[in-house]
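**Q** This is the content of query.csv (CSV, C-alpha atoms and all ligand atoms):
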chain,number,residue,atom,x,y,z
A,1,MET,CA,-29.0,-26.5,18.6
A,2,LYS,CA,-26.5,-25.5,21.3
A,3,VAL,CA,-23.4,-24.1,19.6
A,4,ALA,CA,-20.1,-23.1,21.3
A,5,VAL,CA,-18.8,-20.2,19.0
A,6,PHE,CA,-15.1,-19.8,19.6
A,7,ASN,CA,-12.8,-17.0,18.7
A,8,THR,CA,-15.5,-14.3,18.4
A,9,LYS,CA,-15.0,-10.6,18.0
A,10,SER,CA,-17.9,-8.0,18.4
A,11,TYR,CA,-18.5,-8.2,14.6
A,12,ASP,CA,-18.9,-12.0,14.7
A,13,ARG,CA,-21.4,-11.7,17.5
A,14,THR,CA,-23.4,-9.0,15.7
A,15,PHE,CA,-23.7,-10.8,12.4
A,16,LEU,CA,-24.3,-14.3,13.8
A,17,THR,CA,-27.0,-13.0,16.2
A,18,ALA,CA,-28.7,-11.2,13.3
A,19,ALA,CA,-28.6,-14.3,11.2
A,20,ASN,CA,-29.9,-16.5,14.0
A,21,VAL,CA,-33.5,-15.4,13.3
A,22,GLY,CA,-35.9,-16.1,16.1
A,23,GLY,CA,-33.1,-17.4,18.3
A,24,LYS,CA,-33.3,-20.8,16.5
A,25,HIS,CA,-30.0,-21.9,17.8
A,26,ASP,CA,-28.5,-21.4,21.3
A,27,LEU,CA,-25.3,-19.6,20.4
A,28,VAL,CA,-22.8,-19.2,23.2
A,29,PHE,CA,-20.0,-16.8,22.3
A,30,PHE,CA,-16.5,-17.4,23.6
A,31,GLU,CA,-13.6,-14.9,23.0
A,32,PRO,CA,-10.7,-17.4,23.2
A,33,HIS,CA,-9.4,-19.3,20.3
A,34,LEU,CA,-10.2,-23.0,20.2
A,35,THR,CA,-7.1,-24.8,21.5
A,36,LEU,CA,-6.5,-28.0,23.4
A,37,GLU,CA,-6.5,-25.8,26.6
A,38,THR,CA,-9.8,-24.0,25.8
A,39,SER,CA,-11.5,-27.1,24.5
A,40,VAL,CA,-13.1,-27.6,28.0
A,41,LEU,CA,-15.4,-24.8,27.1
A,42,ALA,CA,-17.0,-27.1,24.5
A,43,ALA,CA,-18.3,-29.5,27.2
A,44,GLY,CA,-22.1,-30.0,26.8
A,45,PHE,CA,-22.2,-28.6,23.3
A,46,PRO,CA,-23.1,-30.9,20.3
A,47,ALA,CA,-21.7,-28.2,17.9
A,48,VAL,CA,-18.6,-26.0,17.8
A,49,CYS,CA,-18.2,-23.0,15.5
A,50,ALA,CA,-14.6,-22.1,14.6
A,51,PHE,CA,-12.5,-19.7,12.5
A,52,VAL,CA,-9.4,-19.9,10.3
A,53,ASN,CA,-7.0,-19.3,13.2
A,54,ASP,CA,-8.4,-21.8,15.6
A,55,CYS,CA,-6.4,-24.9,16.4
A,56,LEU,CA,-8.1,-27.8,14.8
A,57,ASP,CA,-5.4,-30.4,15.1
A,58,ALA,CA,-6.0,-34.1,16.1
A,59,LYS,CA,-5.6,-33.5,19.8
A,60,THR,CA,-8.1,-30.6,19.9
A,61,LEU,CA,-10.6,-32.4,17.7
A,62,GLY,CA,-10.2,-35.5,20.0
A,63,ALA,CA,-10.8,-33.4,23.0
A,64,ILE,CA,-14.0,-31.8,21.7
A,65,ALA,CA,-15.3,-35.1,20.4
A,66,GLU,CA,-14.7,-36.6,23.8
A,67,LYS,CA,-16.9,-33.9,25.3
A,68,GLY,CA,-19.8,-34.8,23.0
A,69,VAL,CA,-19.2,-32.5,20.0
A,70,ARG,CA,-20.5,-34.0,16.7
A,71,LEU,CA,-20.5,-30.9,14.4
A,72,LEU,CA,-17.7,-28.6,13.5
A,73,ALA,CA,-19.1,-25.5,11.7
A,74,LEU,CA,-16.3,-23.5,10.1
A,75,ARG,CA,-16.9,-19.8,9.5
A,76,SER,CA,-14.4,-20.0,6.7
A,77,ALA,CA,-14.0,-21.3,3.2
A,78,GLY,CA,-10.5,-22.7,3.8
A,79,PHE,CA,-10.1,-25.9,5.8
A,80,ASN,CA,-6.4,-26.5,5.5
A,81,HIS,CA,-6.1,-25.9,9.3
A,82,VAL,CA,-8.3,-28.9,10.1
A,83,ASP,CA,-6.9,-32.4,10.6
A,84,LEU,CA,-9.4,-34.1,8.3
A,85,ALA,CA,-8.1,-37.6,8.9
A,86,ALA,CA,-8.6,-37.1,12.7
A,87,ALA,CA,-12.1,-35.7,12.1
A,88,LYS,CA,-13.0,-38.7,10.0
A,89,ASP,CA,-11.8,-41.1,12.6
A,90,LEU,CA,-13.7,-39.3,15.3
A,91,GLY,CA,-16.9,-39.3,13.2
A,92,LEU,CA,-17.2,-35.5,13.2
A,93,THR,CA,-19.2,-33.7,10.5
A,94,ILE,CA,-17.5,-30.6,9.1
A,95,LEU,CA,-19.4,-27.9,7.4
A,96,ARG,CA,-17.9,-24.7,5.9
A,97,VAL,CA,-18.8,-21.5,4.0
A,98,PRO,CA,-17.4,-22.2,0.5
A,99,ALA,CA,-18.2,-18.8,-0.9
A,100,TYR,CA,-19.2,-15.6,0.9
A,101,SER,CA,-18.0,-12.8,-1.3
A,102,PRO,CA,-15.3,-13.4,-3.9
A,103,TYR,CA,-15.7,-9.7,-4.6
A,104,ALA,CA,-14.4,-8.8,-1.1
A,105,VAL,CA,-11.1,-10.6,-1.6
A,106,ALA,CA,-10.6,-9.8,-5.3
A,107,GLU,CA,-11.2,-6.1,-4.6
A,108,HIS,CA,-8.7,-6.1,-1.8
A,109,ALA,CA,-6.1,-7.8,-4.0
A,110,VAL,CA,-6.6,-5.0,-6.6
A,111,ALA,CA,-6.5,-2.4,-3.8
A,112,MET,CA,-3.1,-3.7,-2.8
A,113,MET,CA,-1.9,-3.5,-6.4
A,114,LEU,CA,-3.0,0.1,-6.8
A,115,SER,CA,-1.7,1.2,-3.4
A,116,LEU,CA,1.7,-0.4,-4.0
A,117,ASN,CA,2.0,0.9,-7.6
A,118,ARG,CA,0.9,4.5,-6.8
A,119,LYS,CA,2.5,4.4,-3.3
A,120,ILE,CA,-0.7,5.6,-1.6
A,121,HIS,CA,0.5,4.3,1.7
A,122,ARG,CA,3.5,6.5,1.5
A,123,ALA,CA,1.7,9.5,0.0
A,124,TYR,CA,-0.9,9.4,2.8
A,125,ASN,CA,1.9,9.9,5.4
A,126,ARG,CA,3.8,12.5,3.4
A,127,VAL,CA,0.8,14.8,2.8
A,128,ARG,CA,-0.1,14.6,6.5
A,129,GLU,CA,3.4,15.9,7.3
A,130,GLY,CA,3.1,18.7,4.8
A,131,ASN,CA,5.5,17.0,2.4
A,132,PHE,CA,4.1,17.4,-1.1
A,133,ALA,CA,7.2,16.3,-3.0
A,134,LEU,CA,6.6,13.6,-5.6
A,135,ASP,CA,10.1,12.1,-5.7
A,136,GLY,CA,9.8,8.4,-4.9
A,137,LEU,CA,6.1,8.2,-5.7
A,138,LEU,CA,6.5,7.4,-9.4
A,139,GLY,CA,4.0,4.7,-10.5
A,140,PHE,CA,3.2,2.9,-13.7
A,141,ASP,CA,0.0,2.5,-15.8
A,142,LEU,CA,-1.7,-0.7,-15.1
A,143,HIS,CA,-3.1,-0.5,-18.6
A,144,GLY,CA,-1.2,-2.9,-20.9
A,145,LYS,CA,0.6,-4.7,-18.1
A,146,THR,CA,0.6,-8.5,-17.8
A,147,VAL,CA,-1.0,-10.0,-14.7
A,148,GLY,CA,-0.5,-13.6,-13.9
A,149,ILE,CA,-3.3,-15.2,-11.8
A,150,VAL,CA,-2.5,-18.4,-10.0
A,151,GLY,CA,-5.8,-20.2,-9.3
A,152,THR,CA,-8.7,-19.0,-11.4
A,153,GLY,CA,-11.6,-20.1,-9.3
A,154,ARG,CA,-14.1,-17.7,-7.8
A,155,ILE,CA,-11.8,-15.1,-6.4
A,156,GLY,CA,-9.2,-15.4,-9.2
A,157,ALA,CA,-11.9,-15.0,-11.8
A,158,ILE,CA,-13.3,-11.8,-10.3
A,159,THR,CA,-9.7,-10.4,-9.9
A,160,ALA,CA,-9.3,-11.1,-13.6
A,161,GLN,CA,-12.6,-9.4,-14.5
A,162,ILE,CA,-11.5,-6.2,-12.6
A,163,LEU,CA,-8.1,-6.2,-14.1
A,164,HIS,CA,-9.6,-6.7,-17.6
A,165,GLY,CA,-11.4,-3.4,-16.9
A,166,PHE,CA,-8.0,-1.7,-16.4
A,167,GLY,CA,-6.8,-3.0,-19.8
A,168,CYS,CA,-4.4,-5.6,-18.5
A,169,ARG,CA,-3.2,-8.7,-20.4
A,170,LEU,CA,-4.3,-11.8,-18.4
A,171,LEU,CA,-2.3,-15.0,-17.9
A,172,GLY,CA,-3.7,-17.8,-15.8
A,173,TYR,CA,-2.5,-21.0,-14.2
A,174,ASP,CA,-4.9,-23.6,-12.9
A,175,PHE,CA,-5.8,-27.3,-13.5
A,176,LEU,CA,-9.2,-26.2,-14.7
A,177,GLN,CA,-9.7,-23.5,-17.3
A,178,ASN,CA,-12.4,-21.1,-16.1
A,179,VAL,CA,-14.8,-20.2,-19.0
A,180,ASP,CA,-15.4,-16.7,-17.6
A,181,CYS,CA,-11.6,-16.1,-17.6
A,182,LEU,CA,-11.3,-17.5,-21.2
A,183,ALA,CA,-14.1,-15.1,-22.2
A,184,LEU,CA,-11.9,-12.2,-20.9
A,185,GLY,CA,-9.1,-13.3,-23.2
A,186,MET,CA,-7.1,-15.0,-20.4
A,187,GLU,CA,-4.3,-17.2,-21.7
A,188,TYR,CA,-3.6,-20.3,-19.7
A,189,VAL,CA,0.1,-21.1,-19.5
A,190,ALA,CA,2.5,-23.2,-17.4
A,191,LEU,CA,3.7,-21.6,-14.2
A,192,PRO,CA,7.3,-20.9,-15.3
A,193,GLU,CA,5.9,-19.0,-18.3
A,194,LEU,CA,3.4,-17.1,-16.2
A,195,PHE,CA,6.2,-16.1,-13.8
A,196,ALA,CA,8.5,-15.0,-16.7
A,197,ALA,CA,5.9,-12.9,-18.4
A,198,SER,CA,4.0,-11.3,-15.6
A,199,ASP,CA,4.5,-7.7,-14.2
A,200,ILE,CA,2.2,-8.7,-11.4
A,201,VAL,CA,1.5,-12.1,-10.0
A,202,SER,CA,-1.6,-12.6,-7.8
A,203,LEU,CA,-2.1,-15.8,-5.8
A,204,HIS,CA,-5.6,-17.2,-5.6
A,205,CYS,CA,-5.1,-21.0,-5.2
A,206,PRO,CA,-5.7,-22.9,-2.0
A,207,LEU,CA,-3.0,-24.0,0.4
A,208,MET,CA,-2.4,-27.8,-0.1
A,209,PRO,CA,0.8,-29.9,0.2
A,210,GLU,CA,1.4,-29.2,-3.5
A,211,THR,CA,1.1,-25.4,-3.1
A,212,TYR,CA,3.1,-25.1,0.1
A,213,HIS,CA,5.9,-22.6,-0.6
A,214,LEU,CA,4.8,-22.3,-4.3
A,215,ILE,CA,6.7,-19.1,-4.3
A,216,GLY,CA,10.2,-20.0,-3.2
A,217,ALA,CA,13.7,-19.4,-4.6
A,218,GLU,CA,13.1,-21.4,-7.8
A,219,ALA,CA,9.9,-19.6,-8.7
A,220,ILE,CA,11.4,-16.2,-7.9
A,221,GLU,CA,14.4,-17.0,-10.1
A,222,GLN,CA,11.9,-17.3,-13.0
A,223,MET,CA,10.2,-14.0,-12.4
A,224,LYS,CA,10.6,-10.6,-14.1
A,225,PRO,CA,13.0,-8.3,-12.2
A,226,GLY,CA,11.0,-5.7,-10.3
A,227,MET,CA,7.7,-7.6,-10.5
A,228,MET,CA,4.8,-7.2,-8.0
A,229,LEU,CA,3.7,-10.2,-5.9
A,230,ILE,CA,0.3,-10.2,-4.2
A,231,ASN,CA,-0.9,-12.8,-1.8
A,232,THR,CA,-4.5,-12.7,-0.5
A,233,SER,CA,-4.8,-16.5,-0.3
A,234,ARG,CA,-2.8,-18.3,2.4
A,235,GLY,CA,0.5,-17.3,3.9
A,236,GLN,CA,2.2,-20.6,3.4
A,237,LEU,CA,2.0,-20.3,-0.3
A,238,ILE,CA,5.1,-18.1,0.1
A,239,ASP,CA,8.5,-18.9,1.5
A,240,THR,CA,8.8,-15.6,3.3
A,241,LYS,CA,12.6,-15.8,3.8
A,242,ALA,CA,13.1,-16.3,0.0
A,243,VAL,CA,10.8,-13.4,-0.7
A,244,THR,CA,12.7,-11.2,1.7
A,245,LYS,CA,15.9,-12.0,0.0
A,246,ALA,CA,14.4,-11.1,-3.4
A,247,LEU,CA,13.1,-7.8,-1.9
A,248,LYS,CA,16.6,-7.0,-0.8
A,249,SER,CA,18.0,-7.7,-4.2
A,250,GLY,CA,15.2,-5.9,-6.0
A,251,LYS,CA,14.1,-9.0,-7.9
A,252,ILE,CA,10.7,-8.5,-6.3
A,253,GLY,CA,9.8,-4.8,-6.6
A,254,TYR,CA,6.6,-4.8,-4.7
A,255,LEU,CA,5.0,-7.1,-2.2
A,256,GLY,CA,1.4,-7.0,-1.0
A,257,LEU,CA,0.4,-9.5,1.7
A,258,ASP,CA,-3.0,-10.0,3.4
A,259,VAL,CA,-1.8,-13.3,4.8
A,260,TYR,CA,1.4,-14.4,6.3
A,261,GLU,CA,3.0,-17.8,7.1
A,262,GLN,CA,3.1,-17.3,10.8
A,263,GLU,CA,0.0,-15.1,11.1
A,264,THR,CA,-1.7,-17.2,13.8
A,265,ASP,CA,0.4,-15.5,16.5
A,266,LEU,CA,-0.2,-12.0,15.2
A,267,PHE,CA,-3.3,-11.4,13.1
A,268,PHE,CA,-6.8,-10.5,14.4
A,269,GLU,CA,-5.4,-9.1,17.7
A,270,ASP,CA,-4.4,-5.6,18.9
A,271,LEU,CA,-0.7,-6.1,19.7
A,272,SER,CA,0.2,-2.4,19.5
A,273,ASN,CA,1.4,-2.4,23.2
A,274,HIS,CA,3.5,-5.5,22.7
A,275,VAL,CA,7.0,-6.2,21.3
A,276,ILE,CA,6.5,-8.3,18.2
A,277,GLN,CA,8.9,-11.3,18.5
A,278,ASP,CA,8.6,-12.4,14.9
A,279,ASP,CA,11.8,-11.1,13.3
A,280,VAL,CA,10.9,-12.3,9.8
A,281,PHE,CA,7.7,-10.3,10.0
A,282,GLN,CA,9.4,-7.2,11.4
A,283,ARG,CA,12.0,-7.3,8.6
A,284,LEU,CA,9.2,-7.2,6.1
A,285,LEU,CA,7.8,-4.1,7.7
A,286,THR,CA,11.1,-2.2,7.1
A,287,PHE,CA,10.7,-2.3,3.3
A,288,PRO,CA,9.0,0.8,1.7
A,289,ASN,CA,7.7,-1.4,-1.1
A,290,VAL,CA,5.9,-3.8,1.1
A,291,LEU,CA,2.2,-3.4,2.1
A,292,ILE,CA,0.7,-5.8,4.7
A,293,THR,CA,-2.8,-6.1,5.9
A,294,GLY,CA,-3.9,-8.5,8.7
A,295,HIS,CA,-6.1,-11.0,6.9
A,296,GLN,CA,-8.8,-8.4,6.2
A,297,ALA,CA,-9.5,-9.1,2.5
A,298,PHE,CA,-12.7,-10.9,3.4
A,299,PHE,CA,-13.8,-8.2,5.8
A,300,THR,CA,-16.8,-6.5,4.1
A,301,GLU,CA,-20.4,-6.2,5.4
A,302,GLU,CA,-21.6,-8.4,2.6
A,303,ALA,CA,-19.1,-11.1,3.3
A,304,LEU,CA,-19.8,-11.1,7.1
A,305,LYS,CA,-23.6,-11.3,6.4
A,306,ASN,CA,-23.1,-14.2,4.0
A,307,ILE,CA,-20.7,-16.1,6.4
A,308,ALA,CA,-23.2,-15.7,9.3
A,309,GLU,CA,-26.3,-16.7,7.2
A,310,THR,CA,-24.5,-19.7,5.7
A,311,THR,CA,-23.1,-20.9,9.0
A,312,ILE,CA,-26.6,-20.7,10.6
A,313,GLY,CA,-28.1,-22.5,7.6
A,314,ASN,CA,-25.4,-25.2,7.8
A,315,ILE,CA,-26.2,-25.8,11.5
A,316,THR,CA,-29.9,-26.0,10.8
A,317,ASP,CA,-29.3,-28.6,8.0
A,318,PHE,CA,-27.2,-30.7,10.4
A,319,GLU,CA,-29.8,-30.4,13.2
A,320,GLN,CA,-32.6,-31.4,10.9
A,321,GLY,CA,-30.6,-34.3,9.4
A,322,ARG,CA,-30.8,-32.7,5.9
A,323,PRO,CA,-27.9,-33.3,3.4
A,324,CYS,CA,-25.8,-30.1,3.4
A,325,ALA,CA,-24.0,-29.0,0.2
A,326,ASN,CA,-21.3,-27.3,2.4
A,327,GLN,CA,-20.2,-30.5,4.1
A,328,ILE,CA,-16.6,-31.5,3.6
A,329,ASP,CA,-16.5,-35.0,2.1
A,330,LEU,CA,-14.3,-36.9,4.6
A,331,ASP,CA,-14.7,-40.1,2.6
A,332,GLN,CA,-12.2,-38.6,0.1
A,333,VAL,CA,-9.6,-38.1,2.9
A,334,LYS,CA,-6.5,-40.2,2.4
A,335,ARG,CA,-4.1,-40.9,5.2
B,401,LIG,P1,-11.9,-21.7,-5.5
B,401,LIG,O1,-12.0,-23.1,-4.9
B,401,LIG,O2,-13.1,-21.1,-6.1
B,401,LIG,O3,-10.7,-21.5,-6.5
B,401,LIG,C1,-9.4,-22.0,-6.2
B,401,LIG,C2,-8.8,-22.4,-7.6
B,401,LIG,O4,-7.5,-22.8,-7.4
B,401,LIG,C3,-9.6,-23.5,-8.3
B,401,LIG,O5,-9.9,-23.1,-9.6
B,401,LIG,C4,-8.6,-24.7,-8.3
B,401,LIG,O6,-8.7,-25.5,-9.5
B,401,LIG,C5,-7.3,-23.9,-8.3
B,401,LIG,N1,-6.1,-24.7,-7.8
B,401,LIG,C6,-6.1,-25.8,-7.0
B,401,LIG,N2,-4.9,-26.2,-6.8
B,401,LIG,C7,-4.1,-25.4,-7.6
B,401,LIG,C8,-2.7,-25.4,-7.9
B,401,LIG,N3,-1.8,-26.3,-7.3
B,401,LIG,N4,-2.2,-24.4,-8.7
B,401,LIG,C9,-3.1,-23.5,-9.2
B,401,LIG,N5,-4.4,-23.5,-9.0
B,401,LIG,C10,-4.9,-24.5,-8.2
B,401,LIG,O7,-11.5,-20.8,-4.2
B,401,LIG,P2,-11.7,-19.2,-4.0
B,401,LIG,O8,-13.0,-19.0,-3.3
B,401,LIG,O9,-11.4,-18.5,-5.3
B,401,LIG,O10,-10.6,-18.9,-2.9
B,401,LIG,C11,-9.2,-19.0,-3.2
B,401,LIG,C12,-8.4,-18.9,-1.9
B,401,LIG,O11,-8.5,-17.6,-1.4
B,401,LIG,C13,-8.9,-19.9,-0.8
B,401,LIG,O12,-8.2,-21.1,-1.0
B,401,LIG,C14,-8.4,-19.2,0.4
B,401,LIG,O13,-7.2,-19.7,0.8
B,401,LIG,C15,-8.3,-17.7,0.0
B,401,LIG,N6,-9.2,-16.8,0.8
B,401,LIG,C16,-8.6,-15.7,1.4
B,401,LIG,C17,-9.4,-14.8,2.1
B,401,LIG,C18,-8.8,-13.6,2.8
B,401,LIG,O14,-9.6,-13.0,3.6
B,401,LIG,N7,-7.6,-13.3,2.6
B,401,LIG,C19,-10.8,-15.0,2.1
B,401,LIG,C20,-11.3,-16.1,1.4
B,401,LIG,C21,-10.5,-17.0,0.8
Written as structure tokens, that's how I'd like the structure from this file.
Ligand code: NAD

**A**
Amino acid sequence: MKVAVFNTKSYDRTFLTAANVGGKHDLVFFEPHLTLETSVLAAGFPAVCAFVNDCLDAKTLGAIAEKGVRLLALRSAGFNHVDLAAAKDLGLTILRVPAYSPYAVAEHAVAMMLSLNRKIHRAYNRVREGNFALDGLLGFDLHGKTVGIVGTGRIGAITAQILHGFGCRLLGYDFLQNVDCLALGMEYVALPELFAASDIVSLHCPLMPETYHLIGAEAIEQMKPGMMLINTSRGQLIDTKAVTKALKSGKIGYLGLDVYEQETDLFFEDLSNHVIQDDVFQRLLTFPNVLITGHQAFFTEEALKNIAETTIGNITDFEQGRPCANQIDLDQVKR
């Protein structure tokens, strides 16, 4: 099948080409993001392959559908960036990669906890400058601390498993109780209780209208003073301005972000020669107790291999008219 693969970096091309065994599909790689303006590139392709920071709003979907696209193959688990109602009206099929490596994201979340706690990011710079003083690097034992996990699905459960190994007390909040988490001794509690009791809160729920700005002024008010907040899920779960205020007052003692509300204009690109215009983001970078990575939690060899293989498998299923377990059910979409 002819596939227009948008928003590709060298690693995408490497892993997708390797997964496309025998050149089964005709993959044409484009560097630009998919937007209304770049949608002309999709002309003549029955399938488009896109990533989390492509623009998949009603106008762009309309433009690609008009050019003959019938399949949208997402190289991501999340699909909060897709206008599903528009896709349904246009008769598009949307396939995704629901799970590629929950370990990659969970391990990154824990790496952020450890780095922030033991101030590895600061110690690295100090030692390189010949500064071996320990003042300001004091950490705490993770053992015995309470960690609240919001969203105990695949990634939340692996995070819980790793933290169980550190001897942490585990609290969880989810609509569904995960048996693996219960087996680790996780206690499911209401959100205010989780916020009040947790030394560390790690977000692993999806972005949906109900979870938009889940962490805002009201939630922060309920939190333990000096707590650590980790977000490897989606930027808009956090009201960044409210969190910045809480960092200034000390209510939040540590912040680890792999995702950011306005990341579309920043992440995945080398902007080191540009002046970053986002003042909210720039303010965050001034705090010594804030660690930000550019949406790299998923970025392991295993995850990229799984994403590529599942994407190719999804496209093959569609081409051969087979039911695909990774299809987003647009019949459930409400307007
Ligand atoms: P999952 O579907 O396995 O788990 C999500 C869990 O959240 C489910 O148990 C669900 O019941 C729960 N949930 C839904 N609504 C909730 C709410 N309002 N409050 C609390 N819990 C709620 O998903 P997953 O594979 O564990 O992924 C979790 C999130 O991680 C994804 O939604 C995605 O946004 C993010 N993610 C980030 C990266 C990255 O590179 N940073 C990579 C992959 C996924």

**Q** What does the distance between CA of Gly130 (chain A) and CA of Arg118 (chain A) come to in Å, to one decimal place?

**A**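 Computed distance, CA of Gly130 (chain A) to CA of Arg118 (chain A), equals 18.5 Å.
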
**Q** Produce as a PyMOL selection string the set of residues near ligand LIG 401 (chain B), where near means within 7 Å with all atoms listed in the file considered.

**A** chain A and resi 77-78+98-99+102+105+150-156+173-176+204-207+210-211+232-234+258-259+295-299

**Q** Sort by chain and increasing residue number a table of all residues of region 213-330 of chain A within 9 Å of region 43-64 of chain A, each with its closest pair of atoms and their distance in Å to one decimal, counting all atoms listed in the file, and write it as a tab-separated table.

**A**
residue	atom	partner	partner_atom	distance
A:Glu263	CA	A:Asn53	CA	8.4
A:Thr264	CA	A:Asn53	CA	5.7
A:Asp265	CA	A:Asn53	CA	8.9
A:Phe267	CA	A:Asn53	CA	8.7
A:Phe268	CA	A:Asn53	CA	8.9
A:Thr311	CA	A:Cys49	CA	8.4
A:Ile315	CA	A:Ala47	CA	8.2

**Q** Could you check which of A:Ser115, A:Gln236, A:Thr159, A:Asn314 is closest to His81 (chain A), using all atoms listed in the file?

**A**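 Distance minimum relative to His81 (chain A) lands on A:Gln236.
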
**Q** Any idea what's packed within 9 Å of Leu92 (chain A), counting only C-alpha atoms, ignoring anything in its chain fewer than 2 positions away? Could you give it as a list of chain:residue names?

**A**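 Neighbouring residues, sequence-local ones excluded: A:Leu61, A:Ala65, A:Val69, A:Arg70, A:Leu71, A:Leu72, A:Ala86, A:Ala87, A:Lys88, A:Asp89, A:Leu90, A:Ile94.
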
**Q** Suppose you want the space between CA of Ala85 (chain A) and CA of Phe318 (chain A); what is it in Å?

**A**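 Distance reported for this atom pair: 20.4 Å.
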
**Q** Residues at most 12 Å from Ile276 (chain A), counting all atoms listed in the file, excluding those fewer than 4 positions away in the same chain, as a list in words?

**A**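 Near Ile276 (chain A), the qualifying residues are Glu263, Asp265, Leu266, Phe267, Glu269, Asp270, Leu271, Ser272, Val280, Phe281, Gln282, Arg283 and Leu285 of chain A.
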
**Q** Which residue is closest to Val82 (chain A)? Choose from A:Leu255, A:Leu138, A:Met228, A:Leu34 and count all atoms listed in the file.

**A**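 Nearest to Val82 (chain A): A:Leu34.
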
**Q** For a test of reading the model, state the distance in Å between CA of Val5 (chain A) and CA of Val28 (chain A), rounded to one decimal.

**A**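 Going from CA of Val5 (chain A) over to CA of Val28 (chain A) covers 5.9 Å.
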
**Q** Would you mind listing, for every residue of region 231-260 of chain A within 9 Å of region 286-293 of chain A, the two atoms forming the shortest contact and the distance between them in Å to one decimal, using only C-alpha atoms, sorted by chain and ascending residue number, as a Markdown table?

**A**
| residue | atom | partner | partner_atom | distance |
| --- | --- | --- | --- | --- |
| A:Leu247 | CA | A:Phe287 | CA | 7.9 |
| A:Lys248 | CA | A:Phe287 | CA | 8.6 |
| A:Gly253 | CA | A:Asn289 | CA | 6.8 |
| A:Tyr254 | CA | A:Asn289 | CA | 5.1 |
| A:Leu255 | CA | A:Val290 | CA | 4.8 |
| A:Gly256 | CA | A:Leu291 | CA | 4.8 |
| A:Leu257 | CA | A:Ile292 | CA | 4.8 |
| A:Asp258 | CA | A:Thr293 | CA | 4.6 |
| A:Val259 | CA | A:Thr293 | CA | 7.4 |
| A:Tyr260 | CA | A:Ile292 | CA | 8.8 |

**Q** In terms of the shortest atom-to-atom distance over all atoms listed in the file, which of A:Leu237, A:Met113, A:Leu194, A:Leu203 is closest to Gln262 (chain A)?

**A**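 Closest residue, counting all atoms listed in the file: A:Leu237.
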
**Q** So which residues fall inside 6 Å of (-3.5, -11.1, -22.7) if we count all atoms listed in the file? Mind giving them as a PDB file with C-alpha atoms, in the frame of the given file?

**A**
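And here is the file that came out, out-v1.pdb:
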ATOM      1  CA  ARG A 169      -3.200  -8.700 -20.400  1.00  0.00           C
ATOM      2  CA  LEU A 170      -4.300 -11.800 -18.400  1.00  0.00           C
ATOM      3  CA  MET A 186      -7.100 -15.000 -20.400  1.00  0.00           C
TER       4      MET A 186
END

**Q** With 9 Å as the threshold, what does the neighbourhood of (8.7, -22.4, 0.5) contain in terms of residues, counting only C-alpha atoms? Coordinates are those of the file; answer as a JSON list (two decimals) with C-alpha atoms, in the coordinates of the input.

**A**
[["chain", "number", "residue", "atom", "x", "y", "z"],
["A", 211, "THR", "CA", 1.10, -25.40, -3.10],
["A", 212, "TYR", "CA", 3.10, -25.10, 0.10],
["A", 213, "HIS", "CA", 5.90, -22.60, -0.60],
["A", 214, "LEU", "CA", 4.80, -22.30, -4.30],
["A", 215, "ILE", "CA", 6.70, -19.10, -4.30],
["A", 216, "GLY", "CA", 10.20, -20.00, -3.20],
["A", 217, "ALA", "CA", 13.70, -19.40, -4.60],
["A", 236, "GLN", "CA", 2.20, -20.60, 3.40],
["A", 237, "LEU", "CA", 2.00, -20.30, -0.30],
["A", 238, "ILE", "CA", 5.10, -18.10, 0.10],
["A", 239, "ASP", "CA", 8.50, -18.90, 1.50],
["A", 240, "THR", "CA", 8.80, -15.60, 3.30],
["A", 241, "LYS", "CA", 12.60, -15.80, 3.80],
["A", 242, "ALA", "CA", 13.10, -16.30, 0.00]]

**Q** Nearest to Asn306 (chain A): which of A:Asn125, A:Asn80, A:Ser101, A:Gln327 is it, counting all atoms listed in the file?

**A**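 Under the stated criterion, the closest residue is A:Ser101.
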
**Q** Axis-aligned box over every listed atom of region 190-209 of chain A, padded by 6 Å per side: centre and edges in Å to one decimal, as lines of an AutoDock Vina configuration file?

**A**
center_x = 1.4
center_y = -18.8
center_z = -9.0
size_x = 26.2
size_y = 34.2
size_z = 30.8

**Q** Any idea what's packed within 7 Å of Ser202 (chain A), counting all atoms listed in the file, ignoring anything in its chain fewer than 5 positions away? Could you give it as a ChimeraX atom specification?

**A** /A:148-150,229-231
